[in-house]
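Structure file my_file_39.cif; described as mmCIF, C-alpha atoms.
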```cif
data_target
loop_
_atom_site.label_atom_id
_atom_site.label_comp_id
_atom_site.auth_asym_id
_atom_site.auth_seq_id
_atom_site.Cartn_x
_atom_site.Cartn_y
_atom_site.Cartn_z
CA MET A 1 11.08 -5.18 -3.13
CA VAL A 2 13.11 -4.03 -0.17
CA VAL A 3 16.37 -5.36 1.19
CA GLY A 4 16.61 -6.30 4.85
CA LYS A 5 18.51 -8.40 7.33
CA VAL A 6 16.98 -11.32 9.19
CA THR A 7 17.27 -10.66 12.92
CA GLY A 8 14.93 -13.13 14.57
CA SER A 9 11.82 -15.21 14.38
CA ILE A 10 8.31 -15.09 15.80
CA PHE A 11 6.20 -17.85 17.30
CA SER A 12 2.47 -17.74 17.57
CA THR A 13 0.24 -20.54 18.83
CA ARG A 14 -3.09 -18.79 18.53
CA LYS A 15 -3.25 -17.77 14.91
CA LEU A 16 -5.45 -18.04 11.86
CA ASP A 17 -5.62 -21.60 10.52
CA SER A 18 -4.41 -20.36 7.16
CA LEU A 19 -1.03 -19.51 8.71
CA THR A 20 -0.38 -22.93 10.22
CA GLY A 21 3.11 -24.21 9.48
CA PHE A 22 4.48 -20.91 8.28
CA LYS A 23 7.95 -19.85 9.34
CA LEU A 24 7.82 -16.19 10.31
CA MET A 25 11.05 -14.20 10.41
CA VAL A 26 11.77 -10.73 11.76
CA VAL A 27 13.46 -8.73 9.00
CA ASN A 28 14.96 -5.32 9.68
CA ILE A 29 14.35 -3.11 6.68
CA GLY A 30 15.56 0.22 8.03
CA LYS A 31 18.19 1.70 10.22
CA GLY A 32 16.37 1.64 13.52
CA LYS A 33 15.84 -1.43 15.66
CA ASP A 34 12.11 -0.88 15.25
CA ASP A 35 12.06 -0.73 11.45
CA PHE A 36 11.17 -4.34 10.92
CA VAL A 37 8.51 -6.45 9.30
CA VAL A 38 7.53 -10.03 9.97
CA ALA A 39 7.86 -11.98 6.74
CA MET A 40 6.96 -15.51 5.75
CA ASP A 41 10.00 -17.56 4.77
CA THR A 42 10.12 -20.62 2.56
CA LEU A 43 13.77 -20.33 1.52
CA GLY A 44 15.40 -21.29 4.80
CA ALA A 45 16.75 -17.86 5.58
CA GLY A 46 18.79 -17.68 8.77
CA ILE A 47 19.62 -14.92 11.20
CA GLY A 48 22.08 -12.53 9.61
CA ASP A 49 21.06 -13.26 6.03
CA VAL A 50 20.46 -10.30 3.74
CA VAL A 51 17.15 -10.91 2.03
CA LEU A 52 14.77 -9.48 -0.55
CA VAL A 53 11.26 -8.94 0.82
CA THR A 54 8.10 -8.39 -1.20
CA LEU A 55 5.56 -6.28 0.68
CA GLY A 56 1.84 -5.82 0.37
CA ASP A 57 -0.80 -7.74 -1.50
CA SER A 58 1.75 -9.25 -3.89
CA ALA A 59 3.12 -11.35 -1.04
CA ARG A 60 0.08 -13.62 -1.18
CA PHE A 61 1.20 -14.94 -4.53
CA ALA A 62 4.26 -16.55 -2.97
CA CYS A 63 1.96 -18.89 -1.01
CA GLN A 64 0.63 -22.17 -2.32
CA ASN A 65 -2.79 -20.82 -1.36
CA GLU A 66 -3.02 -17.35 -2.87
CA LYS A 67 -5.70 -16.39 -0.42
CA THR A 68 -3.42 -16.54 2.61
CA PRO A 69 -3.67 -13.20 4.44
CA ILE A 70 0.00 -12.22 4.56
CA ASP A 71 1.62 -8.96 3.47
CA ALA A 72 5.35 -9.76 3.57
CA VAL A 73 7.40 -12.63 2.20
CA ILE A 74 11.09 -13.36 1.69
CA VAL A 75 11.49 -13.89 -2.07
CA GLY A 76 15.28 -14.15 -2.27
CA ILE A 77 18.50 -14.32 -0.30
CA VAL A 78 20.94 -11.74 -1.62
CA ASP A 79 24.37 -13.14 -2.41
CA GLN A 80 25.87 -10.23 -4.28
CA SER A 81 25.21 -6.67 -5.24
CA ASN A 82 27.20 -3.94 -6.92
CA TYR A 83 25.35 -1.55 -4.65
CA ASN A 84 26.68 -0.89 -1.19
CA LEU A 85 23.56 -2.00 0.67
CA MET B 1 3.12 -8.32 8.95
CA VAL B 2 3.76 -5.92 11.77
CA VAL B 3 3.86 -6.54 15.49
CA GLY B 4 1.72 -4.42 17.78
CA LYS B 5 0.06 -4.31 21.17
CA VAL B 6 -3.70 -4.28 21.65
CA THR B 7 -4.65 -1.16 23.57
CA GLY B 8 -8.40 -0.80 23.16
CA SER B 9 -11.46 -1.42 21.08
CA ILE B 10 -13.77 0.61 18.89
CA PHE B 11 -17.54 0.60 18.67
CA SER B 12 -19.49 1.82 15.69
CA THR B 13 -23.26 1.64 15.28
CA ARG B 14 -23.52 3.34 11.91
CA LYS B 15 -21.30 1.26 9.69
CA LEU B 16 -21.32 -0.64 6.43
CA ASP B 17 -23.49 -3.76 6.60
CA SER B 18 -20.50 -5.84 5.57
CA LEU B 19 -18.80 -5.02 8.88
CA THR B 20 -21.67 -6.13 11.12
CA GLY B 21 -20.53 -8.37 13.96
CA PHE B 22 -16.86 -7.60 13.57
CA LYS B 23 -14.74 -7.04 16.65
CA LEU B 24 -12.50 -4.05 16.04
CA MET B 25 -9.40 -3.60 18.16
CA VAL B 26 -7.03 -0.66 18.49
CA VAL B 27 -3.50 -1.94 17.95
CA ASN B 28 -0.47 0.25 18.58
CA ILE B 29 2.14 -0.51 15.96
CA GLY B 30 4.66 2.22 16.71
CA LYS B 31 6.19 4.08 19.56
CA GLY B 32 3.80 6.99 19.73
CA LYS B 33 0.34 6.88 21.22
CA ASP B 34 -1.00 7.86 17.80
CA ASP B 35 0.70 5.11 15.83
CA PHE B 36 -2.21 2.75 15.82
CA VAL B 37 -4.46 0.92 13.41
CA VAL B 38 -7.92 -0.50 13.93
CA ALA B 39 -7.81 -4.20 13.11
CA MET B 40 -10.47 -6.86 12.86
CA ASP B 41 -10.03 -9.61 15.42
CA THR B 42 -11.31 -13.18 15.26
CA LEU B 43 -8.78 -14.72 17.66
CA GLY B 44 -10.07 -13.24 20.88
CA ALA B 45 -7.13 -10.91 21.43
CA GLY B 46 -7.34 -8.92 24.65
CA ILE B 47 -5.90 -5.63 25.79
CA GLY B 48 -2.17 -6.01 26.38
CA ASP B 49 -1.71 -8.88 23.95
CA VAL B 50 1.16 -8.66 21.49
CA VAL B 51 -0.25 -9.47 18.08
CA LEU B 52 0.70 -9.93 14.45
CA VAL B 53 -1.27 -7.68 12.11
CA THR B 54 -1.61 -8.05 8.35
CA LEU B 55 -2.14 -4.72 6.63
CA GLY B 56 -3.57 -3.72 3.28
CA ASP B 57 -5.54 -5.62 0.72
CA SER B 58 -4.34 -8.98 2.02
CA ALA B 59 -6.43 -8.47 5.16
CA ARG B 60 -9.61 -9.16 3.22
CA PHE B 61 -8.60 -12.79 2.83
CA ALA B 62 -8.90 -13.37 6.57
CA CYS B 63 -12.65 -12.73 6.30
CA GLN B 64 -15.21 -15.36 5.45
CA ASN B 65 -16.37 -12.93 2.76
CA GLU B 66 -13.26 -11.91 0.86
CA LYS B 67 -14.96 -8.80 -0.39
CA THR B 68 -15.19 -7.20 3.05
CA PRO B 69 -13.62 -3.73 2.84
CA ILE B 70 -11.06 -3.98 5.64
CA ASP B 71 -7.35 -3.24 5.53
CA ALA B 72 -6.07 -4.60 8.87
CA VAL B 73 -6.58 -7.91 10.65
CA ILE B 74 -5.02 -9.66 13.62
CA VAL B 75 -3.60 -12.91 12.21
CA GLY B 76 -1.79 -14.19 15.29
CA ILE B 77 -1.11 -13.63 18.96
CA VAL B 78 2.63 -13.70 19.60
CA ASP B 79 3.68 -16.00 22.42
CA GLN B 80 7.40 -16.03 21.90
CA SER B 81 10.14 -14.43 19.89
CA ASN B 82 13.91 -14.55 19.94
CA TYR B 83 13.79 -10.92 18.90
CA ASN B 84 13.48 -8.26 21.53
CA LEU B 85 10.27 -6.72 20.22
CA MET C 1 -8.44 0.88 9.32
CA VAL C 2 -7.53 4.29 10.61
CA VAL C 3 -9.54 6.70 12.73
CA GLY C 4 -10.05 10.26 11.51
CA LYS C 5 -12.24 13.29 11.82
CA VAL C 6 -14.36 14.64 8.97
CA THR C 7 -13.33 18.22 8.30
CA GLY C 8 -14.80 19.10 4.92
CA SER C 9 -15.95 17.93 1.53
CA ILE C 10 -14.67 18.10 -2.02
CA PHE C 11 -16.51 18.90 -5.23
CA SER C 12 -15.32 17.90 -8.65
CA THR C 13 -17.20 18.44 -11.90
CA ARG C 14 -14.62 16.99 -14.27
CA LYS C 15 -14.08 13.50 -12.98
CA LEU C 16 -14.12 9.91 -14.11
CA ASP C 17 -17.62 8.68 -14.95
CA SER C 18 -17.21 5.90 -12.44
CA LEU C 19 -17.14 8.44 -9.61
CA THR C 20 -20.40 10.18 -10.54
CA GLY C 21 -22.70 10.68 -7.57
CA PHE C 22 -20.08 9.92 -4.97
CA LYS C 23 -19.91 12.03 -1.84
CA LEU C 24 -16.28 12.81 -1.13
CA MET C 25 -15.27 13.90 2.37
CA VAL C 26 -12.01 15.31 3.66
CA VAL C 27 -10.92 13.22 6.65
CA ASN C 28 -8.02 14.26 8.84
CA ILE C 29 -6.13 11.15 9.88
CA GLY C 30 -3.13 12.71 11.57
CA LYS C 31 -2.16 15.61 13.74
CA GLY C 32 -1.30 18.11 11.07
CA LYS C 33 -3.79 20.04 9.00
CA ASP C 34 -2.28 18.41 5.92
CA ASP C 35 -2.62 14.83 7.10
CA PHE C 36 -5.87 14.13 5.35
CA VAL C 37 -7.34 11.79 2.80
CA VAL C 38 -10.39 12.20 0.62
CA ALA C 39 -12.74 9.31 1.31
CA MET C 40 -15.97 8.18 -0.28
CA ASP C 41 -18.91 8.34 2.14
CA THR C 42 -22.13 6.38 1.97
CA LEU C 43 -23.02 6.61 5.67
CA GLY C 44 -23.96 10.26 5.84
CA ALA C 45 -20.97 11.35 7.86
CA GLY C 46 -20.95 15.02 8.76
CA ILE C 47 -18.26 17.51 9.61
CA GLY C 48 -16.89 16.75 13.07
CA ASP C 49 -17.74 13.06 13.02
CA VAL C 50 -15.06 10.62 14.08
CA VAL C 51 -14.94 7.92 11.45
CA LEU C 52 -13.23 4.67 10.54
CA VAL C 53 -11.56 4.77 7.14
CA THR C 54 -10.41 1.81 5.07
CA LEU C 55 -7.44 2.67 2.86
CA GLY C 56 -6.01 1.13 -0.25
CA ASP C 57 -7.32 -1.44 -2.64
CA SER C 58 -9.79 -2.82 -0.07
CA ALA C 59 -11.81 0.39 -0.37
CA ARG C 60 -13.12 -0.67 -3.76
CA PHE C 61 -15.14 -3.43 -2.11
CA ALA C 62 -17.32 -0.90 -0.35
CA CYS C 63 -18.65 0.25 -3.74
CA GLN C 64 -21.56 -1.34 -5.55
CA ASN C 65 -19.19 -1.59 -8.51
CA GLU C 66 -16.03 -3.19 -7.18
CA LYS C 67 -14.03 -1.82 -10.05
CA THR C 68 -14.43 1.80 -8.97
CA PRO C 69 -10.96 3.36 -8.74
CA ILE C 70 -11.04 4.66 -5.16
CA ASP C 71 -8.54 4.07 -2.36
CA ALA C 72 -10.34 5.43 0.72
CA VAL C 73 -13.83 4.90 2.10
CA ILE C 74 -15.61 5.66 5.36
CA VAL C 75 -16.70 2.27 6.70
CA GLY C 76 -18.04 3.35 10.09
CA ILE C 77 -18.86 6.28 12.33
CA VAL C 78 -17.26 5.77 15.74
CA ASP C 79 -19.65 6.22 18.64
CA GLN C 80 -17.55 4.86 21.46
CA SER C 81 -14.09 3.63 22.26
CA ASN C 82 -12.27 2.64 25.41
CA TYR C 83 -9.19 4.07 23.78
CA ASN C 84 -8.48 7.77 24.12
CA LEU C 85 -8.41 8.52 20.39
CA MET D 1 4.42 5.95 -10.20
CA VAL D 2 7.57 7.37 -8.72
CA VAL D 3 10.70 8.63 -10.43
CA GLY D 4 14.07 7.23 -9.41
CA LYS D 5 17.60 6.69 -10.55
CA VAL D 6 19.11 3.27 -11.18
CA THR D 7 22.14 2.87 -8.93
CA GLY D 8 22.94 -0.83 -8.96
CA SER D 9 21.74 -4.37 -9.31
CA ILE D 10 21.09 -7.29 -7.00
CA PHE D 11 21.94 -10.96 -7.44
CA SER D 12 20.22 -13.76 -5.62
CA THR D 13 20.84 -17.46 -6.16
CA ARG D 14 18.43 -18.81 -3.56
CA LYS D 15 15.12 -17.30 -4.53
CA LEU D 16 11.57 -18.28 -5.33
CA ASP D 17 11.29 -20.19 -8.60
CA SER D 18 8.83 -17.60 -9.87
CA LEU D 19 11.61 -14.99 -9.88
CA THR D 20 14.07 -17.01 -11.99
CA GLY D 21 15.56 -14.98 -14.82
CA PHE D 22 14.44 -11.63 -13.51
CA LYS D 23 16.80 -8.68 -13.66
CA LEU D 24 16.61 -6.83 -10.36
CA MET D 25 17.81 -3.23 -10.19
CA VAL D 26 18.41 -0.98 -7.21
CA VAL D 27 16.51 2.27 -7.81
CA ASN D 28 16.95 5.26 -5.55
CA ILE D 29 13.61 6.97 -5.13
CA GLY D 30 14.49 9.51 -2.47
CA LYS D 31 17.25 11.76 -1.37
CA GLY D 32 19.04 9.47 1.01
CA LYS D 33 21.31 6.62 0.01
CA ASP D 34 18.93 4.27 1.80
CA ASP D 35 15.76 5.39 0.03
CA PHE D 36 15.78 2.68 -2.57
CA VAL D 37 13.64 -0.14 -3.83
CA VAL D 38 14.61 -3.22 -5.77
CA ALA D 39 12.61 -3.26 -9.00
CA MET D 40 12.25 -5.80 -11.77
CA ASP D 41 13.51 -4.50 -15.10
CA THR D 42 12.55 -5.67 -18.57
CA LEU D 43 13.48 -2.47 -20.43
CA GLY D 44 17.25 -2.76 -20.20
CA ALA D 45 17.71 0.13 -17.79
CA GLY D 46 21.32 0.87 -16.94
CA ILE D 47 23.02 2.50 -14.00
CA GLY D 48 22.37 6.23 -14.05
CA ASP D 49 19.10 6.00 -15.95
CA VAL D 50 16.15 7.97 -14.62
CA VAL D 51 13.21 5.61 -14.53
CA LEU D 52 9.52 5.41 -13.71
CA VAL D 53 8.71 2.74 -11.13
CA THR D 54 5.30 1.27 -10.37
CA LEU D 55 5.01 0.15 -6.76
CA GLY D 56 2.73 -2.28 -4.97
CA ASP D 57 0.36 -4.87 -6.22
CA SER D 58 0.07 -3.23 -9.65
CA ALA D 59 3.65 -4.28 -10.39
CA ARG D 60 2.56 -7.87 -10.86
CA PHE D 61 0.72 -6.92 -14.02
CA ALA D 62 3.98 -6.05 -15.75
CA CYS D 63 4.99 -9.72 -15.55
CA GLN D 64 4.07 -12.33 -18.11
CA ASN D 65 2.78 -14.34 -15.15
CA GLU D 66 0.54 -11.99 -13.20
CA LYS D 67 0.93 -14.08 -10.10
CA THR D 68 4.62 -13.31 -9.68
CA PRO D 69 5.16 -11.98 -6.15
CA ILE D 70 6.87 -8.67 -6.92
CA ASP D 71 5.98 -5.19 -5.70
CA ALA D 72 8.17 -2.91 -7.85
CA VAL D 73 8.82 -2.75 -11.58
CA ILE D 74 10.47 -0.30 -13.95
CA VAL D 75 7.73 0.71 -16.40
CA GLY D 76 9.56 3.43 -18.31
CA ILE D 77 12.86 5.19 -18.83
CA VAL D 78 12.37 8.95 -18.60
CA ASP D 79 13.84 10.87 -21.52
CA GLN D 80 12.32 14.26 -20.90
CA SER D 81 10.28 16.20 -18.40
CA ASN D 82 9.23 19.81 -18.04
CA TYR D 83 9.54 19.25 -14.31
CA ASN D 84 12.88 19.69 -12.65
CA LEU D 85 13.09 16.18 -11.23
CA MET E 1 -7.65 9.71 -2.52
CA VAL E 2 -5.18 12.51 -2.05
CA VAL E 3 -5.32 16.08 -3.30
CA GLY E 4 -2.41 17.46 -5.30
CA LYS E 5 -1.40 20.11 -7.78
CA VAL E 6 -0.26 19.32 -11.31
CA THR E 7 3.23 20.71 -11.78
CA GLY E 8 4.57 19.07 -14.93
CA SER E 9 4.58 16.11 -17.23
CA ILE E 10 6.89 13.22 -18.01
CA PHE E 11 7.91 11.77 -21.35
CA SER E 12 9.24 8.28 -21.82
CA THR E 13 10.06 6.65 -25.13
CA ARG E 14 11.31 3.32 -23.82
CA LYS E 15 8.43 2.03 -21.75
CA LEU E 16 6.23 -0.99 -21.37
CA ASP E 17 3.89 -1.48 -24.33
CA SER E 18 0.93 -1.38 -21.97
CA LEU E 19 1.65 2.28 -21.21
CA THR E 20 1.69 3.46 -24.81
CA GLY E 21 -0.38 6.58 -25.34
CA PHE E 22 -0.74 7.41 -21.68
CA LYS E 23 -0.41 11.01 -20.56
CA LEU E 24 1.72 11.09 -17.43
CA MET E 25 1.55 14.12 -15.15
CA VAL E 26 3.72 15.12 -12.22
CA VAL E 27 1.43 15.82 -9.27
CA ASN E 28 2.75 17.36 -6.06
CA ILE E 29 0.95 15.78 -3.15
CA GLY E 30 2.92 17.23 -0.27
CA LYS E 31 4.65 20.38 0.81
CA GLY E 32 8.10 19.65 -0.49
CA LYS E 33 9.18 19.91 -4.10
CA ASP E 34 10.03 16.21 -3.96
CA ASP E 35 6.69 15.02 -2.65
CA PHE E 36 5.26 14.10 -6.02
CA VAL E 37 3.84 11.13 -7.85
CA VAL E 38 3.53 10.53 -11.56
CA ALA E 39 -0.11 9.90 -12.35
CA MET E 40 -1.92 8.84 -15.49
CA ASP E 41 -4.35 11.50 -16.73
CA THR E 42 -7.39 11.02 -18.92
CA LEU E 43 -9.26 14.17 -17.87
CA GLY E 44 -7.07 16.74 -19.57
CA ALA E 45 -5.61 18.17 -16.38
CA GLY E 46 -3.25 21.08 -16.95
CA ILE E 47 -0.39 22.52 -14.99
CA GLY E 48 -1.72 24.33 -11.93
CA ASP E 49 -4.90 22.26 -11.65
CA VAL E 50 -5.80 20.90 -8.23
CA VAL E 51 -6.62 17.24 -8.71
CA LEU E 52 -7.78 14.15 -6.87
CA VAL E 53 -5.40 11.22 -7.23
CA THR E 54 -6.13 7.58 -6.50
CA LEU E 55 -3.04 5.68 -5.40
CA GLY E 56 -2.12 2.02 -5.36
CA ASP E 57 -3.68 -0.98 -6.93
CA SER E 58 -7.07 0.74 -7.29
CA ALA E 59 -5.58 2.98 -9.98
CA ARG E 60 -5.59 0.12 -12.46
CA PHE E 61 -9.37 0.20 -12.54
CA ALA E 62 -9.36 3.63 -14.13
CA CYS E 63 -7.74 2.11 -17.24
CA GLN E 64 -9.63 0.54 -20.09
CA ASN E 65 -7.35 -2.45 -19.57
CA GLU E 66 -7.49 -3.24 -15.86
CA LYS E 67 -4.21 -5.07 -16.05
CA THR E 68 -2.18 -1.96 -16.83
CA PRO E 69 0.65 -1.73 -14.29
CA ILE E 70 0.05 1.76 -12.92
CA ASP E 71 -0.30 2.87 -9.32
CA ALA E 72 -1.54 6.48 -9.61
CA VAL E 73 -4.30 8.09 -11.63
CA ILE E 74 -6.04 11.46 -11.69
CA VAL E 75 -9.70 10.70 -10.98
CA GLY E 76 -11.04 14.24 -10.67
CA ILE E 77 -10.23 17.91 -11.04
CA VAL E 78 -11.26 19.76 -7.88
CA ASP E 79 -13.38 22.83 -8.52
CA GLN E 80 -14.53 23.58 -5.00
CA SER E 81 -14.02 22.54 -1.43
CA ASN E 82 -15.17 23.84 1.92
CA TYR E 83 -11.81 22.72 3.22
CA ASN E 84 -8.87 25.03 2.96
CA LEU E 85 -6.68 22.68 0.93
#
```
Go ahead and render the structure in this file as structure tokens.
Amino acid sequence: MVVGKVTGSIFSTRKLDSLTGFKLMVVNIGKGKDDFVVAMDTLGAGIGDVVLVTLGDSARFACQNEKTPIDAVIVGIVDQSNYNL
Amino acid sequence: MVVGKVTGSIFSTRKLDSLTGFKLMVVNIGKGKDDFVVAMDTLGAGIGDVVLVTLGDSARFACQNEKTPIDAVIVGIVDQSNYNL
Amino acid sequence: MVVGKVTGSIFSTRKLDSLTGFKLMVVNIGKGKDDFVVAMDTLGAGIGDVVLVTLGDSARFACQNEKTPIDAVIVGIVDQSNYNL
Amino acid sequence: MVVGKVTGSIFSTRKLDSLTGFKLMVVNIGKGKDDFVVAMDTLGAGIGDVVLVTLGDSARFACQNEKTPIDAVIVGIVDQSNYNL
Amino acid sequence: MVVGKVTGSIFSTRKLDSLTGFKLMVVNIGKGKDDFVVAMDTLGAGIGDVVLVTLGDSARFACQNEKTPIDAVIVGIVDQSNYNL
């Protein structure tokens, strides 16, 4: 998993039916403003939260329907680390 | 998912049978002209649209036949974001 | 998918049984001489052809046996694009 | 797999239920301080240990429940190599 | 697949049970000394051999047990190429 900071959200009206109702957050996972992914969120993450993101095919398994075509999901909100993130 | 801008389309006559009928769009996902992927589109995205793209194995699950060998699909057209994309 | 140009082929005598009979092409997918992948080809792509390559786990689904351990396959030969590739 | 060094751990109270009880370690896999992943650990790796990490969808298969949405797991602790890591 | 050169091997006593008995080789896949992966080998590759490596989830399918959590496997030893590797 990677650690990132939630910096925004994305809205999309025309989308695949399988993504209906999903909350999509912009998560910066690098140093640059452009190093971000758009991740599904079910934990209620807010802007500024430091989060754990699972990338790739594994992300599907965080959905109720495992066949949802997503590749990034917030799996945890970090509250503490002994590593200087 | 990543955010990108549709910049063109691709045509291929000699292709795997499993890709017949697919609309393939060029989506720039980085800053450089060469940072693009070719993504399947079922939403009617047009050139200039800002889109959400799912990459990797998850993309297969946006196809009617989950065993289609694709690794990029447009899953949404972005209409709004509170993030300066 | 990514777009690349076929620049050579690879021969391997000692290989996994599951790869027997496969045609393996070198496909340049970047600007540098070293930005290449080795992709399975079933379309008869030749040196110089511009091709579409599916990367990652999805590539397996282009094989008759879906459990073949490959991660790159030529899924189409590009004949036209309105994008300056 | 990649080789990395364990440099810390991560704690998350609000997380997906499927990750409850998991030990999550920060593993540096590059030269920079920011080249790290957060990997599940079941081997008791400690800070300073050199470890082997499996990345991507394969990581799920190190979990008792294969449908756990993780993308990085420590699969071994390196005790010796004839390669100057 | 990517092409690389075998440069060493890795030994790990504390590892997941599912990796017991696996031969793990260090394969350089880039120009830098640090551009390497650790790949499972069942072909008897030796140091100096130029090999084909399958990366990612597909690598699991080279194992007798498809649920082995590995992400890199040597699938062939290259004996000839018309590409200057």
Chain D residues within 10 Å of chain A, counting only C-alpha atoms: which ones, as a JSON list (two decimals) with C-alpha atoms, keeping the file's coordinate frame?
```
[["chain", "number", "residue", "atom", "x", "y", "z"],
["D", 7, "THR", "CA", 22.14, 2.87, -8.93],
["D", 8, "GLY", "CA", 22.94, -0.83, -8.96],
["D", 9, "SER", "CA", 21.74, -4.37, -9.31],
["D", 10, "ILE", "CA", 21.09, -7.29, -7.00],
["D", 11, "PHE", "CA", 21.94, -10.96, -7.44],
["D", 12, "SER", "CA", 20.22, -13.76, -5.62],
["D", 13, "THR", "CA", 20.84, -17.46, -6.16],
["D", 14, "ARG", "CA", 18.43, -18.81, -3.56],
["D", 15, "LYS", "CA", 15.12, -17.30, -4.53],
["D", 16, "LEU", "CA", 11.57, -18.28, -5.33],
["D", 17, "ASP", "CA", 11.29, -20.19, -8.60],
["D", 18, "SER", "CA", 8.83, -17.60, -9.87],
["D", 19, "LEU", "CA", 11.61, -14.99, -9.88],
["D", 24, "LEU", "CA", 16.61, -6.83, -10.36],
["D", 25, "MET", "CA", 17.81, -3.23, -10.19],
["D", 26, "VAL", "CA", 18.41, -0.98, -7.21],
["D", 33, "LYS", "CA", 21.31, 6.62, 0.01],
["D", 34, "ASP", "CA", 18.93, 4.27, 1.80],
["D", 35, "ASP", "CA", 15.76, 5.39, 0.03],
["D", 36, "PHE", "CA", 15.78, 2.68, -2.57],
["D", 37, "VAL", "CA", 13.64, -0.14, -3.83],
["D", 38, "VAL", "CA", 14.61, -3.22, -5.77],
["D", 39, "ALA", "CA", 12.61, -3.26, -9.00],
["D", 40, "MET", "CA", 12.25, -5.80, -11.77],
["D", 55, "LEU", "CA", 5.01, 0.15, -6.76],
["D", 56, "GLY", "CA", 2.73, -2.28, -4.97],
["D", 57, "ASP", "CA", 0.36, -4.87, -6.22],
["D", 58, "SER", "CA", 0.07, -3.23, -9.65],
["D", 59, "ALA", "CA", 3.65, -4.28, -10.39],
["D", 60, "ARG", "CA", 2.56, -7.87, -10.86],
["D", 66, "GLU", "CA", 0.54, -11.99, -13.20],
["D", 67, "LYS", "CA", 0.93, -14.08, -10.10],
["D", 68, "THR", "CA", 4.62, -13.31, -9.68],
["D", 69, "PRO", "CA", 5.16, -11.98, -6.15],
["D", 70, "ILE", "CA", 6.87, -8.67, -6.92],
["D", 71, "ASP", "CA", 5.98, -5.19, -5.70],
["D", 72, "ALA", "CA", 8.17, -2.91, -7.85],
["D", 73, "VAL", "CA", 8.82, -2.75, -11.58]]
```
Report as an mmCIF file with C-alpha atoms, keeping the file's coordinate frame the residues that result from applying the PyMOL selection byres ((chain C and resi 47) around 6) to the structure here.
```
data_model
loop_
_atom_site.group_PDB
_atom_site.id
_atom_site.type_symbol
_atom_site.label_atom_id
_atom_site.label_comp_id
_atom_site.auth_asym_id
_atom_site.auth_seq_id
_atom_site.Cartn_x
_atom_site.Cartn_y
_atom_site.Cartn_z
ATOM 1 C CA VAL C 6 -14.360 14.640 8.970
ATOM 2 C CA THR C 7 -13.330 18.220 8.300
ATOM 3 C CA GLY C 46 -20.950 15.020 8.760
ATOM 4 C CA GLY C 48 -16.890 16.750 13.070
ATOM 5 C CA ASP C 49 -17.740 13.060 13.020
#
```
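Pairwise distance (CA of Lys5 in chain C, CA of Val27 in chain C) equals 5.3 Å.
The space between CA of Asn65 in chain A and CA of Thr20 in chain D spans 20.3 Å.
Taking CA of Asp41 in chain D and CA of Phe22 in chain E as the two end points, the separation is 19.7 Å.
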Could you write out as AutoDock Vina command-line options the box around range 57-70 of chain D (axis-aligned, all atoms listed in the file, 5 Å on each side), with centre and edge lengths in Å to one decimal?
```
--center_x 3.5 --center_y -8.8 --center_z -12.1 --size_x 16.8 --size_y 21.1 --size_z 22.0
```
